[in-house]
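Reproduced below: input_8.cif, with mmCIF, C-alpha atoms.
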```cif
data_upload
#
loop_
_atom_site.label_atom_id
_atom_site.label_comp_id
_atom_site.auth_asym_id
_atom_site.auth_seq_id
_atom_site.Cartn_x
_atom_site.Cartn_y
_atom_site.Cartn_z
CA ALA A 778 -42.35 -11.04 -34.48
CA ALA A 779 -43.62 -11.45 -38.04
CA GLU A 780 -40.08 -11.81 -39.39
CA LYS A 781 -39.29 -14.37 -36.68
CA TYR A 782 -42.27 -16.54 -37.60
CA GLN A 783 -41.24 -16.45 -41.25
CA ALA A 784 -37.66 -17.36 -40.35
CA ILE A 785 -38.84 -20.19 -38.11
CA HIS A 786 -40.96 -21.53 -40.96
CA HIS A 787 -37.83 -21.85 -43.11
CA LEU A 788 -36.06 -23.50 -40.17
CA MET A 789 -38.83 -26.07 -39.83
CA VAL A 790 -38.80 -26.86 -43.54
CA ALA A 791 -35.02 -27.28 -43.33
CA SER A 792 -35.49 -29.60 -40.36
CA SER A 793 -37.91 -31.72 -42.37
CA LEU A 794 -35.40 -31.95 -45.21
CA ALA A 795 -32.73 -33.00 -42.68
CA ASN A 796 -35.11 -35.74 -41.50
CA LYS A 797 -35.51 -36.85 -45.11
CA MET A 798 -31.77 -36.96 -45.69
CA ALA A 799 -31.04 -38.84 -42.46
CA HIS A 800 -33.66 -41.49 -43.20
CA GLU A 801 -32.25 -41.95 -46.68
CA ILE A 802 -28.80 -42.53 -45.19
CA ASN A 803 -30.12 -44.88 -42.50
CA PRO A 804 -33.84 -45.75 -42.43
CA SER A 805 -33.59 -46.76 -38.77
CA CYS A 806 -32.44 -43.29 -37.68
CA LYS A 807 -34.63 -41.44 -35.21
CA ILE A 808 -34.44 -37.68 -35.73
CA GLY A 809 -36.04 -35.31 -33.27
CA CYS A 810 -36.54 -31.62 -32.61
CA MET A 811 -36.00 -29.78 -29.33
CA LEU A 812 -38.08 -27.07 -27.66
CA ALA A 813 -37.58 -25.05 -24.48
CA LEU A 814 -40.79 -25.72 -22.62
CA SER A 815 -42.35 -25.21 -19.22
CA GLY A 816 -45.73 -26.16 -17.84
CA ILE A 817 -48.69 -23.76 -17.90
CA TYR A 818 -51.49 -23.60 -15.33
CA PRO A 819 -54.41 -21.16 -15.17
CA LYS A 820 -54.04 -18.93 -12.10
CA THR A 821 -57.69 -19.53 -11.18
CA CYS A 822 -60.68 -21.44 -12.52
CA HIS A 823 -62.03 -18.22 -14.06
CA PRO A 824 -62.87 -19.16 -17.67
CA ASP A 825 -60.67 -16.37 -19.02
CA ASP A 826 -57.70 -17.74 -17.08
CA VAL A 827 -58.36 -21.27 -18.33
CA LEU A 828 -58.82 -20.20 -21.96
CA GLY A 829 -55.90 -17.79 -21.71
CA ALA A 830 -53.61 -20.50 -20.35
CA MET A 831 -54.52 -22.74 -23.29
CA GLN A 832 -53.85 -19.95 -25.79
CA PHE A 833 -50.57 -19.04 -24.06
CA ARG A 834 -49.46 -22.67 -24.19
CA ARG A 835 -50.23 -22.84 -27.89
CA ARG A 836 -47.61 -20.15 -28.52
CA ALA A 837 -44.97 -22.66 -27.44
CA LEU A 838 -46.53 -25.80 -28.87
CA LEU A 839 -47.13 -24.21 -32.30
CA PHE A 840 -43.60 -25.19 -33.32
CA SER A 841 -43.73 -28.77 -32.10
CA ASP A 842 -47.23 -29.12 -33.59
CA VAL A 843 -45.74 -28.36 -37.02
CA MET A 844 -42.58 -30.42 -36.61
CA MET A 845 -44.24 -33.43 -34.99
CA ARG A 846 -47.56 -33.50 -36.89
CA GLY A 847 -46.34 -32.10 -40.17
CA TYR A 848 -48.75 -29.21 -40.65
CA TYR A 849 -49.72 -25.84 -39.20
CA PRO A 850 -52.58 -26.13 -36.67
CA SER A 851 -55.78 -24.20 -37.26
CA TYR A 852 -55.04 -21.81 -34.37
CA ALA A 853 -51.76 -20.63 -35.97
CA GLN A 854 -53.46 -17.96 -38.06
CA SER A 855 -54.99 -16.34 -34.97
CA ILE A 856 -51.45 -15.85 -33.61
CA PHE A 857 -50.20 -14.50 -36.94
CA ASP A 858 -53.15 -12.09 -37.15
CA GLU A 859 -51.97 -10.35 -33.99
CA TYR A 860 -48.89 -9.23 -35.92
CA HIS A 861 -50.73 -8.60 -39.20
CA PHE A 862 -48.58 -11.38 -40.62
CA SER A 863 -49.23 -13.63 -43.59
CA LEU A 864 -47.00 -16.70 -43.76
CA GLN A 865 -45.24 -17.05 -47.11
CA MET A 866 -44.95 -20.65 -48.29
CA GLU A 867 -42.58 -21.70 -51.05
CA GLU A 868 -43.80 -24.30 -53.54
CA GLY A 869 -43.58 -27.74 -51.94
CA ASP A 870 -43.18 -26.52 -48.36
CA GLU A 871 -46.44 -28.04 -47.15
CA GLN A 872 -45.65 -31.39 -48.73
CA ILE A 873 -42.15 -31.43 -47.18
CA LEU A 874 -43.46 -30.69 -43.68
CA LYS A 875 -46.16 -33.33 -44.01
CA LYS A 876 -43.96 -36.09 -45.38
CA TYR A 877 -40.92 -35.73 -43.10
CA PRO A 878 -41.99 -34.88 -39.52
CA SER A 879 -39.77 -35.41 -36.48
CA ASP A 880 -39.62 -38.89 -34.95
CA PHE A 881 -39.44 -37.74 -31.34
CA LEU A 882 -39.74 -34.57 -29.29
CA ALA A 883 -36.83 -33.44 -27.13
CA PHE A 884 -37.61 -30.74 -24.60
CA SER A 885 -36.33 -28.94 -21.53
CA TYR A 886 -38.20 -28.85 -18.23
CA TYR A 887 -37.23 -26.71 -15.26
CA ARG A 888 -40.46 -25.28 -13.89
CA THR A 889 -44.09 -24.39 -14.42
CA THR A 890 -45.81 -21.04 -14.43
CA ALA A 891 -49.33 -19.68 -14.03
CA PHE A 892 -51.39 -17.63 -16.45
CA ASP A 893 -53.23 -14.63 -14.98
CA ARG A 894 -55.71 -12.90 -17.29
CA ASN A 895 -54.76 -9.56 -15.70
CA ALA A 896 -50.98 -9.90 -15.91
CA LYS A 897 -48.35 -9.65 -18.64
CA VAL A 898 -46.83 -12.86 -19.97
CA THR A 899 -43.45 -13.40 -21.62
CA THR A 900 -41.22 -16.17 -22.96
CA THR A 901 -37.80 -16.65 -21.38
CA THR A 902 -34.89 -19.09 -21.56
CA GLY A 903 -36.65 -21.62 -19.33
CA GLY A 904 -39.87 -21.44 -21.31
CA GLN A 905 -42.98 -19.35 -20.86
CA GLN A 906 -43.29 -17.04 -17.86
CA GLY A 907 -46.51 -15.84 -16.29
CA VAL A 908 -47.13 -15.16 -12.59
CA SER A 909 -45.92 -16.96 -9.46
CA ASN A 910 -47.75 -19.97 -8.07
CA PRO A 911 -48.52 -19.64 -4.32
CA TYR A 912 -48.49 -23.44 -3.93
CA LEU A 913 -44.87 -23.85 -5.03
CA GLU A 914 -41.48 -23.04 -3.55
CA GLU A 915 -39.13 -21.00 -5.73
CA THR A 916 -35.39 -20.95 -6.36
CA PRO A 917 -33.38 -17.83 -5.40
CA TRP A 918 -33.89 -16.79 -9.04
CA GLY A 919 -37.68 -17.03 -8.77
CA TRP A 920 -38.20 -20.26 -10.73
CA PRO A 921 -40.97 -22.41 -9.23
CA ILE A 922 -39.94 -25.94 -8.21
CA ASP A 923 -42.62 -28.30 -9.49
CA ALA A 924 -41.79 -31.99 -9.79
CA THR A 925 -45.46 -32.94 -10.22
CA GLY A 926 -45.57 -30.51 -13.12
CA PHE A 927 -42.91 -32.63 -14.84
CA ARG A 928 -45.28 -35.61 -14.84
CA TYR A 929 -48.06 -33.34 -16.05
CA VAL A 930 -46.00 -32.03 -18.99
CA LEU A 931 -44.81 -35.52 -19.93
CA ASN A 932 -48.43 -36.65 -20.14
CA GLU A 933 -49.50 -33.50 -21.98
CA LEU A 934 -46.88 -33.99 -24.69
CA TRP A 935 -47.42 -37.76 -24.97
CA ASP A 936 -51.19 -37.34 -25.29
CA ARG A 937 -50.71 -34.64 -27.91
CA TYR A 938 -48.19 -36.37 -30.18
CA GLN A 939 -48.12 -40.10 -29.37
CA LYS A 940 -44.43 -40.12 -30.28
CA PRO A 941 -41.42 -40.79 -28.03
CA LEU A 942 -40.23 -37.98 -25.75
CA PHE A 943 -36.73 -37.10 -24.57
CA CYS A 944 -36.18 -34.72 -21.65
CA VAL A 945 -32.78 -33.30 -22.53
CA GLU A 946 -32.62 -30.59 -19.83
CA ASN A 947 -33.75 -30.72 -16.22
CA GLY A 948 -31.95 -29.21 -13.25
CA LEU A 949 -31.73 -26.65 -10.48
CA GLY A 950 -29.85 -23.36 -10.72
CA ASN A 951 -28.67 -22.28 -7.29
CA ALA A 952 -25.84 -20.54 -5.45
CA ASP A 953 -23.46 -23.14 -4.00
CA THR A 954 -21.18 -22.62 -1.00
CA ILE A 955 -17.82 -24.32 -0.43
CA LEU A 956 -17.46 -25.35 3.24
CA GLU A 957 -14.20 -25.13 5.20
CA ASP A 958 -13.38 -28.77 4.49
CA GLY A 959 -13.84 -28.16 0.77
CA SER A 960 -17.14 -30.01 0.46
CA ILE A 961 -20.27 -28.68 -1.22
CA GLU A 962 -23.45 -29.91 0.46
CA ASP A 963 -26.01 -29.26 -2.29
CA ASP A 964 -28.85 -31.30 -0.78
CA TYR A 965 -31.34 -28.92 -2.40
CA ARG A 966 -30.16 -30.09 -5.84
CA ILE A 967 -30.39 -33.73 -4.83
CA ASP A 968 -33.93 -33.16 -3.53
CA TYR A 969 -34.95 -31.41 -6.76
CA LEU A 970 -33.63 -34.14 -9.03
CA LYS A 971 -34.85 -36.98 -6.82
CA LYS A 972 -38.43 -35.71 -6.89
CA HIS A 973 -38.34 -35.09 -10.63
CA ILE A 974 -37.00 -38.59 -11.31
CA GLN A 975 -39.74 -40.05 -9.10
CA GLU A 976 -42.42 -38.21 -11.09
CA MET A 977 -40.78 -39.26 -14.36
CA ARG A 978 -41.00 -42.87 -13.21
CA LYS A 979 -44.72 -42.44 -12.49
CA ALA A 980 -45.27 -41.02 -15.98
CA ILE A 981 -43.58 -44.08 -17.50
CA MET A 982 -44.82 -46.86 -15.22
CA ILE A 983 -48.32 -45.62 -14.35
CA ASP A 984 -49.30 -43.33 -17.21
CA GLY A 985 -47.64 -45.23 -20.06
CA VAL A 986 -45.61 -42.31 -21.40
CA GLU A 987 -42.90 -43.38 -23.85
CA LEU A 988 -39.80 -41.55 -22.63
CA MET A 989 -36.65 -42.51 -24.52
CA GLY A 990 -34.17 -40.59 -22.41
CA TYR A 991 -33.44 -38.10 -19.63
CA THR A 992 -30.37 -35.90 -19.19
CA VAL A 993 -29.60 -33.36 -16.47
CA TRP A 994 -28.54 -29.76 -17.05
CA GLY A 995 -25.75 -29.65 -16.53
CA CYS A 996 -22.99 -31.90 -15.32
CA VAL A 997 -20.39 -29.13 -14.84
CA ASP A 998 -20.99 -25.54 -13.69
CA LEU A 999 -21.09 -23.07 -16.56
CA VAL A 1000 -22.36 -19.58 -17.29
CA SER A 1001 -26.15 -19.57 -17.05
CA ALA A 1002 -27.70 -19.01 -20.46
CA GLY A 1003 -30.69 -17.30 -18.84
CA THR A 1004 -28.95 -14.66 -16.74
CA GLY A 1005 -25.32 -14.66 -17.90
CA GLU A 1006 -24.16 -15.48 -14.37
CA MET A 1007 -21.67 -18.01 -13.09
CA LYS A 1008 -23.12 -17.90 -9.59
CA LYS A 1009 -26.35 -19.52 -10.83
CA ARG A 1010 -24.92 -23.02 -10.80
CA TYR A 1011 -26.47 -26.22 -12.15
CA GLY A 1012 -23.61 -28.72 -12.13
CA PHE A 1013 -22.61 -31.77 -10.13
CA ILE A 1014 -19.07 -30.38 -10.37
CA TYR A 1015 -18.17 -26.95 -8.98
CA VAL A 1016 -15.97 -24.72 -11.14
CA ASP A 1017 -13.96 -22.03 -9.34
CA MET A 1018 -14.92 -18.96 -11.35
CA ASP A 1019 -17.03 -15.92 -10.51
CA ASP A 1020 -19.33 -13.75 -12.60
CA LYS A 1021 -16.41 -11.55 -13.71
CA GLY A 1022 -14.31 -14.49 -14.91
CA ASN A 1023 -12.00 -14.53 -11.87
CA GLY A 1024 -10.93 -17.87 -10.42
CA THR A 1025 -8.59 -20.82 -10.76
CA LEU A 1026 -11.09 -22.95 -12.75
CA LYS A 1027 -10.42 -25.75 -10.25
CA ARG A 1028 -13.13 -28.40 -10.36
CA SER A 1029 -14.63 -29.93 -7.21
CA LYS A 1030 -17.21 -32.70 -6.92
CA LYS A 1031 -20.37 -31.69 -5.08
CA LYS A 1032 -22.42 -34.00 -2.87
CA SER A 1033 -24.84 -34.36 -5.76
CA PHE A 1034 -22.03 -35.83 -7.91
CA TYR A 1035 -21.73 -38.90 -5.71
CA TRP A 1036 -25.50 -39.17 -5.34
CA TYR A 1037 -26.16 -39.06 -9.09
CA LYS A 1038 -23.30 -41.48 -9.75
CA ASN A 1039 -25.20 -44.01 -7.67
CA VAL A 1040 -28.49 -43.15 -9.41
CA ILE A 1041 -26.84 -44.01 -12.73
CA LYS A 1042 -25.24 -47.16 -11.31
CA THR A 1043 -28.61 -48.46 -10.07
CA ASN A 1044 -30.52 -47.21 -13.14
CA GLY A 1045 -32.64 -45.00 -10.92
CA GLU A 1046 -33.62 -47.72 -8.46
CA ASN A 1047 -31.68 -46.13 -5.60
CA LEU A 1048 -32.55 -42.49 -5.12
#
```
How does the structure come out when it is put into structure tokens?
Amino acid sequence: AAEKYQAIHHLMVASSLANKMAHEINPSCKIGCMLALSGIYPKTCHPDDVLGAMQFRRRALLFSDVMMRGYYPSYAQSIFDEYHFSLQMEEGDEQILKKYPSDFLAFSYYRTTAFDRNAKVTTTTGGQQGVSNPYLEETPWGWPIDATGFRYVLNELWDRYQKPLFCVENGLGNADTILEDGSIEDDYRIDYLKKHIQEMRKAIMIDGVELMGYTVWGCVDLVSAGTGEMKKRYGFIYVDMDDKGNGTLKRSKKKSFYWYKNVIKTNGENL
């Protein structure tokens, strides 16, 4: 972990220098950074769950805190101390981070998770992972479905940084079935996206969050980065291939394809 934090420091300095270069080429450029995030709730109102959830969340937001604010937060050293790690700064690093922060934060949102003071926590492809939430339904892969959590995270990030946000990944991984007539009735995907778009609208219109964009993961079925499976499908378009690479690669439009086409056409007015 210590080596990873040192490597990430160099990455963040390089990102700041890329921001500098881009703004020199075109001062109107907006350059952002992207993090895989989820939402974090305390499992209970026990103070240790609440404090633990905050500390767990900081492990993800440490990186955006540096890249968006331009400096390491005071809590960073407490994380480094767990690994007996001392961050090595090159001359000028602090000044570079401070002077050239990111202009917006891009992030992924698929789910939320709960922090339990008595359980182990990890970080996975979809963000941080704690324990299940009894108030939420889950996908066949155990990811909680939490549209309200999307609004919560949008507000959390906007309050924290006061810079534009861009949700670059949001979607539902599920096993799709082709019916006898060749259609794919993925109403569960439509329901997931519809509810998330509704909560996104509330964040913008009611809460005043500045959200510069939203893109779905992903338009075409592909191998899931989280599990390495083809059967965990996210797309609007079905690709005929199984987990072992067998199939014709024929592409078929799912029900969600036509639904989302109309969402785009009406700019989200018709869900």
Å distance separating CA of Thr992 in chain A from CA of Gly948 in chain A, one decimal place: 9.1 Å
Residues selected by the PyMOL selection byres ((chain A and resi 946) around 7), written as a PyMOL selection string: chain A and resi 884-886+944-945+947-948+992-994
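With CA of Ile981 in chain A on one side and CA of Glu915 in chain A on the other, the separation reads 26.3 Å.
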Residue among A:Ile974, A:Gln854, A:Phe892, A:Gln905 lying closest to Val1040 in chain A, counting all atoms listed in the file: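 Selected residue with least distance to Val1040 in chain A: A:Ile974.
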The PyMOL selection byres ((chain A and resi 960) around 9) - which residues does that actually catch in the file I just gave you? List them as a list in words. Thr954, Ile955, Leu956, Glu957, Asp958, Gly959, Ile961, Glu962, Ser1029, Lys1030, Lys1031 and Lys1032 of chain A
Could you tell me, as a CSV table (one decimal) with C-alpha atoms, in the coordinates of the input, exactly which residues end up selected when the PyMOL selection byres ((chain A and resi 878) around 7) is applied to this structure?
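out-v8.csv was written with the following content:
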```csv
chain,number,residue,atom,x,y,z
A,793,SER,CA,-37.9,-31.7,-42.4
A,844,MET,CA,-42.6,-30.4,-36.6
A,845,MET,CA,-44.2,-33.4,-35.0
A,846,ARG,CA,-47.6,-33.5,-36.9
A,847,GLY,CA,-46.3,-32.1,-40.2
A,874,LEU,CA,-43.5,-30.7,-43.7
A,875,LYS,CA,-46.2,-33.3,-44.0
A,876,LYS,CA,-44.0,-36.1,-45.4
A,877,TYR,CA,-40.9,-35.7,-43.1
A,879,SER,CA,-39.8,-35.4,-36.5
A,880,ASP,CA,-39.6,-38.9,-35.0
```
Within 12 Å of Leu788 in chain A using only C-alpha atoms, minus same-chain residues under 6 positions, as a list in words: Lys781, Tyr782, Leu794, Ala795, Cys810, Phe840, Val843, Met844, Asp870 and Leu874 of chain A
Export of prior selection with C-alpha atoms as a PDB file, in the coordinates of the input:
```pdb
ATOM      1  CA  LYS A 781     -39.290 -14.370 -36.680  1.00  0.00           C
ATOM      2  CA  TYR A 782     -42.270 -16.540 -37.600  1.00  0.00           C
ATOM      3  CA  LEU A 794     -35.400 -31.950 -45.210  1.00  0.00           C
ATOM      4  CA  ALA A 795     -32.730 -33.000 -42.680  1.00  0.00           C
ATOM      5  CA  CYS A 810     -36.540 -31.620 -32.610  1.00  0.00           C
ATOM      6  CA  PHE A 840     -43.600 -25.190 -33.320  1.00  0.00           C
ATOM      7  CA  VAL A 843     -45.740 -28.360 -37.020  1.00  0.00           C
ATOM      8  CA  MET A 844     -42.580 -30.420 -36.610  1.00  0.00           C
ATOM      9  CA  ASP A 870     -43.180 -26.520 -48.360  1.00  0.00           C
ATOM     10  CA  LEU A 874     -43.460 -30.690 -43.680  1.00  0.00           C
TER      11      LEU A 874
END
```
So which one's closest to Asn951 in chain A, A:Val908, A:Gln975, A:Glu1006, A:Asn932? Using only C-alpha atoms, please. A:Glu1006
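Taking CA of Leu814 in chain A and CA of Tyr991 in chain A as endpoints, the distance between them is 14.7 Å.
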Calculated over all atoms listed in the file, which of the candidates A:Gln906, A:Tyr1015, A:Leu839, A:Leu882 has the smallest distance to Gln939 in chain A?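 Among the listed residues, A:Leu882 lies closest to Gln939 in chain A.
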Tell me which of A:Pro941, A:Cys806, A:Asp825, A:Met1007 sits closest to Asn1023 in chain A, counting only C-alpha atoms.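 Counting only C-alpha atoms, the residue closest to Asn1023 in chain A is A:Met1007.
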Identify, on the basis of only C-alpha atoms, every residue whose closest approach to Tyr1037 in chain A does not exceed 9 Å; exclude the query and any residue fewer than 4 positions from it along the same chain; express the result as a tab-separated table (two decimals) with C-alpha atoms, in the coordinates of the input.
```
chain	number	residue	atom	x	y	z
A	967	ILE	CA	-30.39	-33.73	-4.83
A	970	LEU	CA	-33.63	-34.14	-9.03
A	1013	PHE	CA	-22.61	-31.77	-10.13
A	1032	LYS	CA	-22.42	-34.00	-2.87
A	1033	SER	CA	-24.84	-34.36	-5.76
A	1041	ILE	CA	-26.84	-44.01	-12.73
A	1042	LYS	CA	-25.24	-47.16	-11.31
A	1045	GLY	CA	-32.64	-45.00	-10.92
A	1048	LEU	CA	-32.55	-42.49	-5.12
```
Would you mind telling me which residue in A:Ile922, A:Ile1014, A:Ile873, A:Ile856 lies nearest to Thr889 in chain A when using all atoms listed in the file? A:Ile922
N, CA and C atoms for range 856-891 of chain A, written as a compact mmCIF listing (two decimals), keeping the file's coordinate frame, could you do that?
```txt
# COMPACT_ATOMS: atom_id res chain seq x y z
N ILE A 856 -52.69 -16.42 -34.15
CA ILE A 856 -51.45 -15.85 -33.61
C ILE A 856 -50.82 -14.91 -34.63
N PHE A 857 -50.77 -15.35 -35.89
CA PHE A 857 -50.20 -14.50 -36.94
C PHE A 857 -50.98 -13.20 -37.10
N ASP A 858 -52.30 -13.28 -36.95
CA ASP A 858 -53.15 -12.09 -37.15
C ASP A 858 -52.81 -10.99 -36.15
N GLU A 859 -52.33 -11.36 -34.98
CA GLU A 859 -51.97 -10.35 -33.99
C GLU A 859 -50.85 -9.45 -34.50
N TYR A 860 -50.03 -9.98 -35.39
CA TYR A 860 -48.89 -9.23 -35.92
C TYR A 860 -49.12 -8.81 -37.37
N HIS A 861 -50.38 -8.96 -37.81
CA HIS A 861 -50.73 -8.60 -39.20
C HIS A 861 -49.78 -9.32 -40.17
N PHE A 862 -49.57 -10.59 -39.90
CA PHE A 862 -48.58 -11.38 -40.62
C PHE A 862 -49.25 -12.44 -41.47
N SER A 863 -48.76 -12.57 -42.70
CA SER A 863 -49.23 -13.63 -43.59
C SER A 863 -48.04 -14.52 -43.94
N LEU A 864 -48.10 -15.77 -43.54
CA LEU A 864 -47.00 -16.70 -43.76
C LEU A 864 -46.80 -16.95 -45.25
N GLN A 865 -45.56 -16.82 -45.71
CA GLN A 865 -45.24 -17.05 -47.11
C GLN A 865 -44.67 -18.46 -47.28
N MET A 866 -45.38 -19.27 -48.03
CA MET A 866 -44.95 -20.65 -48.29
C MET A 866 -44.31 -20.73 -49.68
N GLU A 867 -43.18 -21.40 -49.75
CA GLU A 867 -42.58 -21.70 -51.05
C GLU A 867 -43.26 -22.95 -51.61
N GLU A 868 -43.19 -23.12 -52.92
CA GLU A 868 -43.80 -24.30 -53.54
C GLU A 868 -43.19 -25.58 -52.97
N GLY A 869 -44.03 -26.46 -52.49
CA GLY A 869 -43.58 -27.74 -51.94
C GLY A 869 -43.37 -27.75 -50.44
N ASP A 870 -43.43 -26.58 -49.80
CA ASP A 870 -43.18 -26.52 -48.36
C ASP A 870 -44.15 -27.40 -47.57
N GLU A 871 -45.43 -27.28 -47.89
CA GLU A 871 -46.44 -28.04 -47.15
C GLU A 871 -46.22 -29.54 -47.29
N GLN A 872 -45.88 -29.96 -48.48
CA GLN A 872 -45.65 -31.39 -48.73
C GLN A 872 -44.42 -31.89 -47.96
N ILE A 873 -43.38 -31.05 -47.90
CA ILE A 873 -42.15 -31.43 -47.18
C ILE A 873 -42.43 -31.58 -45.69
N LEU A 874 -43.13 -30.62 -45.10
CA LEU A 874 -43.46 -30.69 -43.68
C LEU A 874 -44.29 -31.93 -43.37
N LYS A 875 -45.24 -32.21 -44.24
CA LYS A 875 -46.16 -33.33 -44.01
C LYS A 875 -45.46 -34.68 -44.14
N LYS A 876 -44.55 -34.79 -45.07
CA LYS A 876 -43.96 -36.09 -45.38
C LYS A 876 -42.80 -36.46 -44.46
N TYR A 877 -42.13 -35.44 -43.88
CA TYR A 877 -40.92 -35.73 -43.10
C TYR A 877 -40.97 -35.08 -41.71
N PRO A 878 -41.92 -35.45 -40.87
CA PRO A 878 -41.99 -34.88 -39.52
C PRO A 878 -40.91 -35.48 -38.61
N SER A 879 -40.74 -34.91 -37.45
CA SER A 879 -39.77 -35.41 -36.48
C SER A 879 -40.25 -36.72 -35.88
N ASP A 880 -39.30 -37.58 -35.51
CA ASP A 880 -39.62 -38.89 -34.95
C ASP A 880 -39.85 -38.84 -33.45
N PHE A 881 -39.24 -37.87 -32.78
CA PHE A 881 -39.44 -37.74 -31.34
C PHE A 881 -39.30 -36.28 -30.96
N LEU A 882 -39.81 -35.94 -29.78
CA LEU A 882 -39.74 -34.57 -29.29
C LEU A 882 -38.80 -34.50 -28.09
N ALA A 883 -37.72 -33.75 -28.24
CA ALA A 883 -36.83 -33.44 -27.13
C ALA A 883 -37.26 -32.10 -26.54
N PHE A 884 -37.16 -31.99 -25.22
CA PHE A 884 -37.61 -30.74 -24.60
C PHE A 884 -36.86 -30.53 -23.28
N SER A 885 -36.89 -29.28 -22.83
CA SER A 885 -36.33 -28.94 -21.53
C SER A 885 -37.46 -28.73 -20.53
N TYR A 886 -37.21 -29.11 -19.28
CA TYR A 886 -38.20 -28.85 -18.23
C TYR A 886 -37.47 -28.43 -16.96
N TYR A 887 -37.79 -27.21 -16.51
CA TYR A 887 -37.23 -26.71 -15.26
C TYR A 887 -38.31 -26.33 -14.26
N ARG A 888 -39.47 -25.89 -14.76
CA ARG A 888 -40.46 -25.28 -13.89
C ARG A 888 -41.82 -25.22 -14.57
N THR A 889 -42.80 -24.73 -13.84
CA THR A 889 -44.09 -24.39 -14.42
C THR A 889 -44.35 -22.91 -14.13
N THR A 890 -45.42 -22.41 -14.70
CA THR A 890 -45.81 -21.04 -14.43
C THR A 890 -47.33 -20.96 -14.49
N ALA A 891 -47.87 -19.84 -14.06
CA ALA A 891 -49.33 -19.68 -14.03
C ALA A 891 -49.75 -18.51 -14.90
```
